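Q: Just one file: coords.tsv, with TSV, N, CA, C and O atoms.
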```tsv
chain	number	residue	atom	x	y	z
L	1	ILE	N	-0.55	93.59	190.85
L	1	ILE	CA	-0.63	93.11	189.48
L	1	ILE	C	0.62	92.30	189.22
L	1	ILE	O	1.73	92.77	189.47
L	2	GLU	N	0.45	91.11	188.68
L	2	GLU	CA	1.54	90.17	188.52
L	2	GLU	C	2.12	90.12	187.11
L	2	GLU	O	3.05	89.37	186.86
L	3	CYS	N	1.59	90.87	186.17
L	3	CYS	CA	2.08	90.80	184.80
L	3	CYS	C	2.56	92.17	184.34
L	3	CYS	O	2.23	93.18	184.96
L	4	PRO	N	3.32	92.21	183.26
L	4	PRO	CA	3.80	93.50	182.76
L	4	PRO	C	2.64	94.43	182.38
L	4	PRO	O	1.60	93.96	181.91
L	5	ILE	N	2.84	95.68	182.59
L	5	ILE	CA	1.83	96.70	182.30
L	5	ILE	C	2.39	97.65	181.26
L	5	ILE	O	3.57	97.99	181.28
L	6	LEU	N	1.52	98.07	180.36
L	6	LEU	CA	1.90	99.07	179.37
L	6	LEU	C	0.90	100.21	179.45
L	6	LEU	O	-0.29	100.01	179.26
L	7	LEU	N	1.40	101.40	179.77
L	7	LEU	CA	0.58	102.60	179.78
L	7	LEU	C	1.05	103.47	178.63
L	7	LEU	O	2.20	103.93	178.63
L	8	ILE	N	0.19	103.66	177.66
L	8	ILE	CA	0.50	104.49	176.50
L	8	ILE	C	-0.24	105.80	176.67
L	8	ILE	O	-1.46	105.80	176.85
L	9	THR	N	0.50	106.90	176.62
L	9	THR	CA	-0.12	108.21	176.77
L	9	THR	C	0.10	109.05	175.51
L	9	THR	O	1.01	108.80	174.73
L	10	ALA	N	-0.75	110.05	175.38
L	10	ALA	CA	-0.71	110.93	174.21
L	10	ALA	C	0.23	112.11	174.44
L	10	ALA	O	0.78	112.30	175.52
L	11	ASP	N	0.36	112.90	173.42
L	11	ASP	CA	1.19	114.11	173.44
L	11	ASP	C	0.48	115.18	174.27
L	11	ASP	O	-0.62	115.61	173.93
L	12	PRO	N	1.10	115.63	175.36
L	12	PRO	CA	0.45	116.65	176.20
L	12	PRO	C	0.06	117.91	175.44
L	12	PRO	O	-0.92	118.56	175.78
L	13	ALA	N	0.78	118.24	174.38
L	13	ALA	CA	0.47	119.44	173.60
L	13	ALA	C	-0.86	119.31	172.86
L	13	ALA	O	-1.45	120.31	172.47
L	14	LEU	N	-1.32	118.07	172.68
L	14	LEU	CA	-2.57	117.84	171.95
L	14	LEU	C	-3.74	117.53	172.86
L	14	LEU	O	-4.82	117.18	172.40
L	15	GLY	N	-3.55	117.64	174.14
L	15	GLY	CA	-4.61	117.35	175.10
L	15	GLY	C	-4.59	115.87	175.45
L	15	GLY	O	-4.56	115.03	174.57
L	16	VAL	N	-4.54	115.59	176.72
L	16	VAL	CA	-4.42	114.20	177.16
L	16	VAL	C	-5.40	113.90	178.28
L	16	VAL	O	-5.78	114.78	179.05
L	17	ALA	N	-5.80	112.64	178.37
L	17	ALA	CA	-6.62	112.19	179.48
L	17	ALA	C	-5.74	111.86	180.68
L	17	ALA	O	-6.14	112.02	181.82
L	18	VAL	N	-4.51	111.40	180.39
L	18	VAL	CA	-3.55	111.06	181.44
L	18	VAL	C	-2.38	112.03	181.31
L	18	VAL	O	-1.59	111.94	180.37
L	19	SER	N	-2.29	112.95	182.26
L	19	SER	CA	-1.21	113.94	182.23
L	19	SER	C	0.11	113.24	182.54
L	19	SER	O	0.14	112.16	183.14
L	20	PRO	N	1.23	113.88	182.19
L	20	PRO	CA	2.53	113.30	182.56
L	20	PRO	C	2.68	113.10	184.07
L	20	PRO	O	3.26	112.12	184.52
L	21	GLU	N	2.10	114.00	184.85
L	21	GLU	CA	2.17	113.88	186.31
L	21	GLU	C	1.38	112.66	186.79
L	21	GLU	O	1.85	111.89	187.63
L	22	LEU	N	0.18	112.48	186.24
L	22	LEU	CA	-0.64	111.32	186.62
L	22	LEU	C	0.02	110.03	186.15
L	22	LEU	O	0.04	109.03	186.87
L	23	ALA	N	0.60	110.04	184.96
L	23	ALA	CA	1.30	108.86	184.46
L	23	ALA	C	2.45	108.47	185.39
L	23	ALA	O	2.65	107.29	185.67
L	24	ALA	N	3.18	109.45	185.89
L	24	ALA	CA	4.28	109.18	186.81
L	24	ALA	C	3.77	108.58	188.12
L	24	ALA	O	4.37	107.65	188.68
L	25	GLU	N	2.63	109.08	188.61
L	25	GLU	CA	2.03	108.53	189.82
L	25	GLU	C	1.60	107.08	189.61
L	25	GLU	O	1.82	106.22	190.47
L	26	ILE	N	0.99	106.81	188.46
L	26	ILE	CA	0.55	105.45	188.14
L	26	ILE	C	1.77	104.54	188.03
L	26	ILE	O	1.78	103.44	188.59
L	27	GLN	N	2.78	104.99	187.33
L	27	GLN	CA	3.99	104.19	187.12
L	27	GLN	C	4.66	103.82	188.44
L	27	GLN	O	5.22	102.74	188.59
L	28	ALA	N	4.57	104.69	189.42
L	28	ALA	CA	5.19	104.42	190.72
L	28	ALA	C	4.49	103.29	191.46
L	28	ALA	O	5.05	102.73	192.40
L	29	GLN	N	3.29	102.92	191.03
L	29	GLN	CA	2.51	101.90	191.72
L	29	GLN	C	2.74	100.49	191.20
L	29	GLN	O	2.32	99.53	191.83
L	30	TRP	N	3.37	100.33	190.05
L	30	TRP	CA	3.52	98.98	189.52
L	30	TRP	C	4.94	98.48	189.65
L	30	TRP	O	5.89	99.24	189.75
L	31	ARG	N	5.07	97.17	189.62
L	31	ARG	CA	6.37	96.52	189.77
L	31	ARG	C	7.04	96.33	188.42
L	31	ARG	O	8.24	96.45	188.29
L	32	ASP	N	6.26	95.99	187.42
L	32	ASP	CA	6.82	95.61	186.12
L	32	ASP	C	6.00	96.28	185.03
L	32	ASP	O	5.00	95.74	184.58
L	33	GLY	N	6.39	97.47	184.64
L	33	GLY	CA	5.61	98.16	183.64
L	33	GLY	C	6.42	99.13	182.82
L	33	GLY	O	7.57	99.43	183.14
L	34	ARG	N	5.78	99.59	181.77
L	34	ARG	CA	6.41	100.56	180.88
L	34	ARG	C	5.44	101.70	180.60
L	34	ARG	O	4.24	101.47	180.47
L	35	LEU	N	6.00	102.86	180.52
L	35	LEU	CA	5.24	104.05	180.17
L	35	LEU	C	5.77	104.55	178.84
L	35	LEU	O	6.97	104.77	178.69
L	36	VAL	N	4.88	104.69	177.87
L	36	VAL	CA	5.27	105.16	176.54
L	36	VAL	C	4.41	106.37	176.21
L	36	VAL	O	3.18	106.27	176.20
L	37	GLN	N	5.06	107.50	175.94
L	37	GLN	CA	4.35	108.68	175.49
L	37	GLN	C	4.56	108.79	173.98
L	37	GLN	O	5.70	108.77	173.51
L	38	ILE	N	3.47	108.88	173.24
L	38	ILE	CA	3.55	108.91	171.78
L	38	ILE	C	3.33	110.34	171.29
L	38	ILE	O	2.27	110.93	171.51
L	39	ALA	N	4.36	110.86	170.63
L	39	ALA	CA	4.30	112.23	170.10
L	39	ALA	C	3.30	112.32	168.96
L	39	ALA	O	3.03	111.35	168.25
L	40	ASN	N	2.74	113.49	168.80
L	40	ASN	CA	1.80	113.80	167.71
L	40	ASN	C	0.55	112.92	167.74
L	40	ASN	O	-0.04	112.65	166.70
L	41	ALA	N	0.17	112.48	168.94
L	41	ALA	CA	-1.06	111.71	169.10
L	41	ALA	C	-1.94	112.42	170.12
L	41	ALA	O	-1.45	112.87	171.16
L	42	GLY	N	-3.21	112.50	169.80
L	42	GLY	CA	-4.17	113.10	170.72
L	42	GLY	C	-4.91	112.00	171.47
L	42	GLY	O	-4.35	110.95	171.79
L	43	HIS	N	-6.19	112.23	171.72
L	43	HIS	CA	-7.00	111.31	172.50
L	43	HIS	C	-7.05	109.91	171.88
L	43	HIS	O	-7.05	108.92	172.59
L	44	SER	N	-7.09	109.82	170.58
L	44	SER	CA	-7.18	108.53	169.89
L	44	SER	C	-5.79	108.10	169.43
L	44	SER	O	-5.47	108.14	168.24
L	45	ILE	N	-4.96	107.67	170.36
L	45	ILE	CA	-3.57	107.35	170.08
L	45	ILE	C	-3.45	106.31	168.97
L	45	ILE	O	-2.66	106.45	168.05
L	46	ARG	N	-4.24	105.26	169.07
L	46	ARG	CA	-4.18	104.15	168.11
L	46	ARG	C	-4.47	104.63	166.69
L	46	ARG	O	-3.86	104.17	165.73
L	47	ARG	N	-5.37	105.57	166.55
L	47	ARG	CA	-5.70	106.09	165.22
L	47	ARG	C	-4.71	107.16	164.75
L	47	ARG	O	-4.37	107.23	163.58
L	48	ASP	N	-4.28	108.01	165.68
L	48	ASP	CA	-3.40	109.11	165.31
L	48	ASP	C	-2.00	108.64	164.92
L	48	ASP	O	-1.39	109.19	164.01
L	49	GLN	N	-1.49	107.64	165.63
L	49	GLN	CA	-0.13	107.15	165.40
L	49	GLN	C	-0.12	105.61	165.47
L	49	GLN	O	0.46	105.02	166.40
L	50	PRO	N	-0.76	104.95	164.50
L	50	PRO	CA	-0.90	103.48	164.59
L	50	PRO	C	0.43	102.73	164.63
L	50	PRO	O	0.57	101.75	165.37
L	51	ALA	N	1.42	103.17	163.87
L	51	ALA	CA	2.70	102.46	163.85
L	51	ALA	C	3.40	102.57	165.21
L	51	ALA	O	3.93	101.57	165.73
L	52	ALA	N	3.40	103.75	165.80
L	52	ALA	CA	4.03	103.94	167.11
L	52	ALA	C	3.27	103.16	168.19
L	52	ALA	O	3.88	102.57	169.08
L	53	PHE	N	1.95	103.16	168.09
L	53	PHE	CA	1.13	102.41	169.05
L	53	PHE	C	1.46	100.93	168.97
L	53	PHE	O	1.73	100.28	169.99
L	54	MET	N	1.48	100.37	167.77
L	54	MET	CA	1.76	98.94	167.62
L	54	MET	C	3.19	98.60	167.99
L	54	MET	O	3.47	97.52	168.53
L	55	ALA	N	4.13	99.50	167.76
L	55	ALA	CA	5.51	99.26	168.16
L	55	ALA	C	5.60	99.14	169.69
L	55	ALA	O	6.33	98.28	170.20
L	56	ALA	N	4.87	99.96	170.40
L	56	ALA	CA	4.87	99.90	171.86
L	56	ALA	C	4.25	98.59	172.35
L	56	ALA	O	4.78	97.94	173.25
L	57	VAL	N	3.14	98.19	171.74
L	57	VAL	CA	2.48	96.93	172.11
L	57	VAL	C	3.39	95.75	171.79
L	57	VAL	O	3.59	94.85	172.62
L	58	ASP	N	3.96	95.74	170.59
L	58	ASP	CA	4.85	94.64	170.21
L	58	ASP	C	6.06	94.55	171.13
L	58	ASP	O	6.51	93.45	171.48
L	59	ALA	N	6.61	95.69	171.55
L	59	ALA	CA	7.77	95.68	172.45
L	59	ALA	C	7.41	95.02	173.77
L	59	ALA	O	8.20	94.22	174.31
L	60	LEU	N	6.23	95.31	174.30
L	60	LEU	CA	5.83	94.68	175.55
L	60	LEU	C	5.60	93.18	175.36
L	60	LEU	O	6.02	92.38	176.19
L	61	ILE	N	4.97	92.80	174.27
L	61	ILE	CA	4.73	91.38	174.01
L	61	ILE	C	6.06	90.65	173.86
L	61	ILE	O	6.26	89.57	174.43
L	62	ASN	N	6.98	91.23	173.12
L	62	ASN	CA	8.30	90.61	172.95
L	62	ASN	C	9.02	90.46	174.28
L	62	ASN	O	9.66	89.43	174.54
L	63	PHE	N	8.91	91.47	175.12
L	63	PHE	CA	9.51	91.42	176.46
L	63	PHE	C	8.91	90.27	177.26
L	63	PHE	O	9.63	89.47	177.87
L	64	ALA	N	7.60	90.16	177.23
L	64	ALA	CA	6.92	89.11	177.99
L	64	ALA	C	7.26	87.72	177.44
L	64	ALA	O	7.51	86.79	178.19
L	65	GLU	N	7.29	87.61	176.12
L	65	GLU	CA	7.60	86.31	175.50
L	65	GLU	C	9.03	85.86	175.79
L	65	GLU	O	9.31	84.66	175.82
L	66	SER	N	9.92	86.81	176.02
L	66	SER	CA	11.31	86.46	176.29
L	66	SER	C	11.52	86.08	177.75
L	66	SER	O	12.66	85.90	178.18
L	67	GLY	N	10.44	85.98	178.49
L	67	GLY	CA	10.54	85.61	179.89
L	67	GLY	C	10.55	86.79	180.82
L	67	GLY	O	10.76	86.63	182.03
L	68	GLY	N	10.30	87.96	180.30
L	68	GLY	CA	10.34	89.16	181.12
L	68	GLY	C	9.08	89.44	181.90
L	68	GLY	O	9.01	90.40	182.63
L	69	GLY	N	8.08	88.59	181.76
L	69	GLY	CA	6.85	88.84	182.49
L	69	GLY	C	6.14	87.56	182.86
L	69	GLY	O	6.38	86.51	182.28
L	70	ASN	N	5.28	87.65	183.81
L	70	ASN	CA	4.53	86.51	184.30
L	70	ASN	C	3.07	86.68	183.88
L	70	ASN	O	2.25	87.16	184.64
L	71	LEU	N	2.76	86.30	182.64
L	71	LEU	CA	1.41	86.50	182.11
L	71	LEU	C	0.53	85.29	182.34
L	71	LEU	O	0.95	84.16	182.12
L	72	PRO	N	-0.72	85.50	182.76
L	72	PRO	CA	-1.65	84.40	182.92
L	72	PRO	C	-1.97	83.75	181.58
L	72	PRO	O	-1.85	84.37	180.52
L	73	HIS	N	-2.40	82.51	181.61
L	73	HIS	CA	-2.73	81.74	180.40
L	73	HIS	C	-3.73	82.49	179.52
L	73	HIS	O	-3.59	82.52	178.29
L	74	GLU	N	-4.73	83.12	180.12
L	74	GLU	CA	-5.76	83.82	179.34
L	74	GLU	C	-5.16	84.95	178.51
L	74	GLU	O	-5.58	85.21	177.39
L	75	VAL	N	-4.15	85.61	179.05
L	75	VAL	CA	-3.51	86.71	178.33
L	75	VAL	C	-2.72	86.17	177.15
L	75	VAL	O	-2.78	86.70	176.05
L	76	TRP	N	-1.98	85.07	177.36
L	76	TRP	CA	-1.23	84.46	176.26
L	76	TRP	C	-2.17	84.02	175.15
L	76	TRP	O	-1.86	84.17	173.98
L	77	HIS	N	-3.31	83.48	175.52
L	77	HIS	CA	-4.29	83.05	174.53
L	77	HIS	C	-4.76	84.24	173.69
L	77	HIS	O	-4.82	84.18	172.46
L	78	HIS	N	-5.05	85.36	174.35
L	78	HIS	CA	-5.48	86.56	173.64
L	78	HIS	C	-4.37	87.10	172.74
L	78	HIS	O	-4.61	87.47	171.60
L	79	ILE	N	-3.14	87.11	173.25
L	79	ILE	CA	-2.01	87.58	172.45
L	79	ILE	C	-1.86	86.72	171.20
L	79	ILE	O	-1.65	87.22	170.10
L	80	GLY	N	-1.99	85.41	171.37
L	80	GLY	CA	-1.92	84.51	170.21
L	80	GLY	C	-2.98	84.83	169.18
L	80	GLY	O	-2.71	84.84	167.98
L	81	ASN	N	-4.19	85.11	169.63
L	81	ASN	CA	-5.27	85.47	168.70
L	81	ASN	C	-4.98	86.77	167.98
L	81	ASN	O	-5.21	86.88	166.76
L	82	VAL	N	-4.48	87.76	168.69
L	82	VAL	CA	-4.17	89.06	168.08
L	82	VAL	C	-3.06	88.91	167.06
L	82	VAL	O	-3.14	89.41	165.94
L	83	ARG	N	-2.01	88.19	167.44
L	83	ARG	CA	-0.87	88.02	166.51
L	83	ARG	C	-1.29	87.24	165.28
L	83	ARG	O	-0.85	87.55	164.18
L	84	SER	N	-2.12	86.23	165.45
L	84	SER	CA	-2.59	85.46	164.28
L	84	SER	C	-3.40	86.35	163.35
L	84	SER	O	-3.25	86.28	162.13
L	85	ALA	N	-4.23	87.18	163.91
L	85	ALA	CA	-5.05	88.08	163.09
L	85	ALA	C	-4.19	89.08	162.35
L	85	ALA	O	-4.53	89.50	161.25
L	86	ARG	N	-3.05	89.45	162.93
L	86	ARG	CA	-2.15	90.40	162.29
L	86	ARG	C	-1.11	89.73	161.42
L	86	ARG	O	-0.27	90.38	160.82
L	87	GLY	N	-1.11	88.39	161.39
L	87	GLY	CA	-0.15	87.67	160.55
L	87	GLY	C	1.21	87.51	161.18
L	87	GLY	O	2.18	87.23	160.50
L	88	LYS	N	1.31	87.69	162.51
L	88	LYS	CA	2.59	87.54	163.22
L	88	LYS	C	2.50	86.29	164.09
L	88	LYS	O	1.50	86.04	164.73
L	89	HIS	N	3.58	85.55	164.13
L	89	HIS	CA	3.60	84.35	164.97
L	89	HIS	C	4.87	84.27	165.77
L	89	HIS	O	5.88	84.69	165.44
```
Before we go any further, please render this structure as structure tokens.
A:
Amino acid sequence: IECPILLITADPALGVAVSPELAAEIQAQWRDGRLVQIANAGHSIRRDQPAAFMAAVDALINFAESGGGNLPHEVWHHIGNVRSARGKH
């Protein structure tokens, strides 16, 4: 994989699909990625902790925009659409 990766996981105390052990195994396989565990979030991380979820996504986008990642044109196009819809440019 040639672009930055973001793996967001839930709070193990609330039940998770990706255990901390599995997340560590996955993280060991990528060259340029981030692992973010969001406290007080269960299976539906985006709904349970929307601000923390968006902060993690924004941090990765900001990293990539600053030259920290090699994103394909299609990904930049999608990011532009998402940011426009959210009122961020």
Q: Mind giving me the straight-line distance from CA of Trp30 (chain L) to CA of Ile5 (chain L) in Å, one decimal?
A: 7.8 Å
Q: How far is it from CA of Ala10 (chain L) to CA of Arg46 (chain L), in Å with one decimal?
A: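 Result for CA of Ala10 (chain L) versus CA of Arg46 (chain L): 9.8 Å, one decimal.
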Q: Considering all atoms listed in the file, can you say which of L:Ile8, L:Ala55, L:Leu14, L:Ala28 comes closest to Asn40 (chain L)?
A: L:Leu14
Q: Quote the spacing between atom N of Gly15 (chain L) and atom C of Gly42 (chain L) in Å to one decimal place.
A: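 About the pair atom N of Gly15 (chain L) and atom C of Gly42 (chain L): they are 6.4 Å apart.
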Q: Using only C-alpha atoms for the distances, tell me which of L:Leu6, L:Asp48, L:Ala39, L:Val57 is nearest to Ala23 (chain L).
A: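 Of the candidates, the smallest distance to Ala23 (chain L) is held by L:Leu6.
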Q: Rank L:Leu60, L:Val18, L:Thr9, L:Pro4 by their smallest atom-to-atom distance to Ala41 (chain L), using only C-alpha atoms, and report the top residue only.
A: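 Answer, going by the shortest atom-to-atom distance: L:Thr9.
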Q: Rank nothing, just name the residue among L:Leu7, L:Ala59, L:Ala24, L:Val16 nearest to Gln37 (chain L), using only N, CA, C and O atoms.
A: L:Leu7
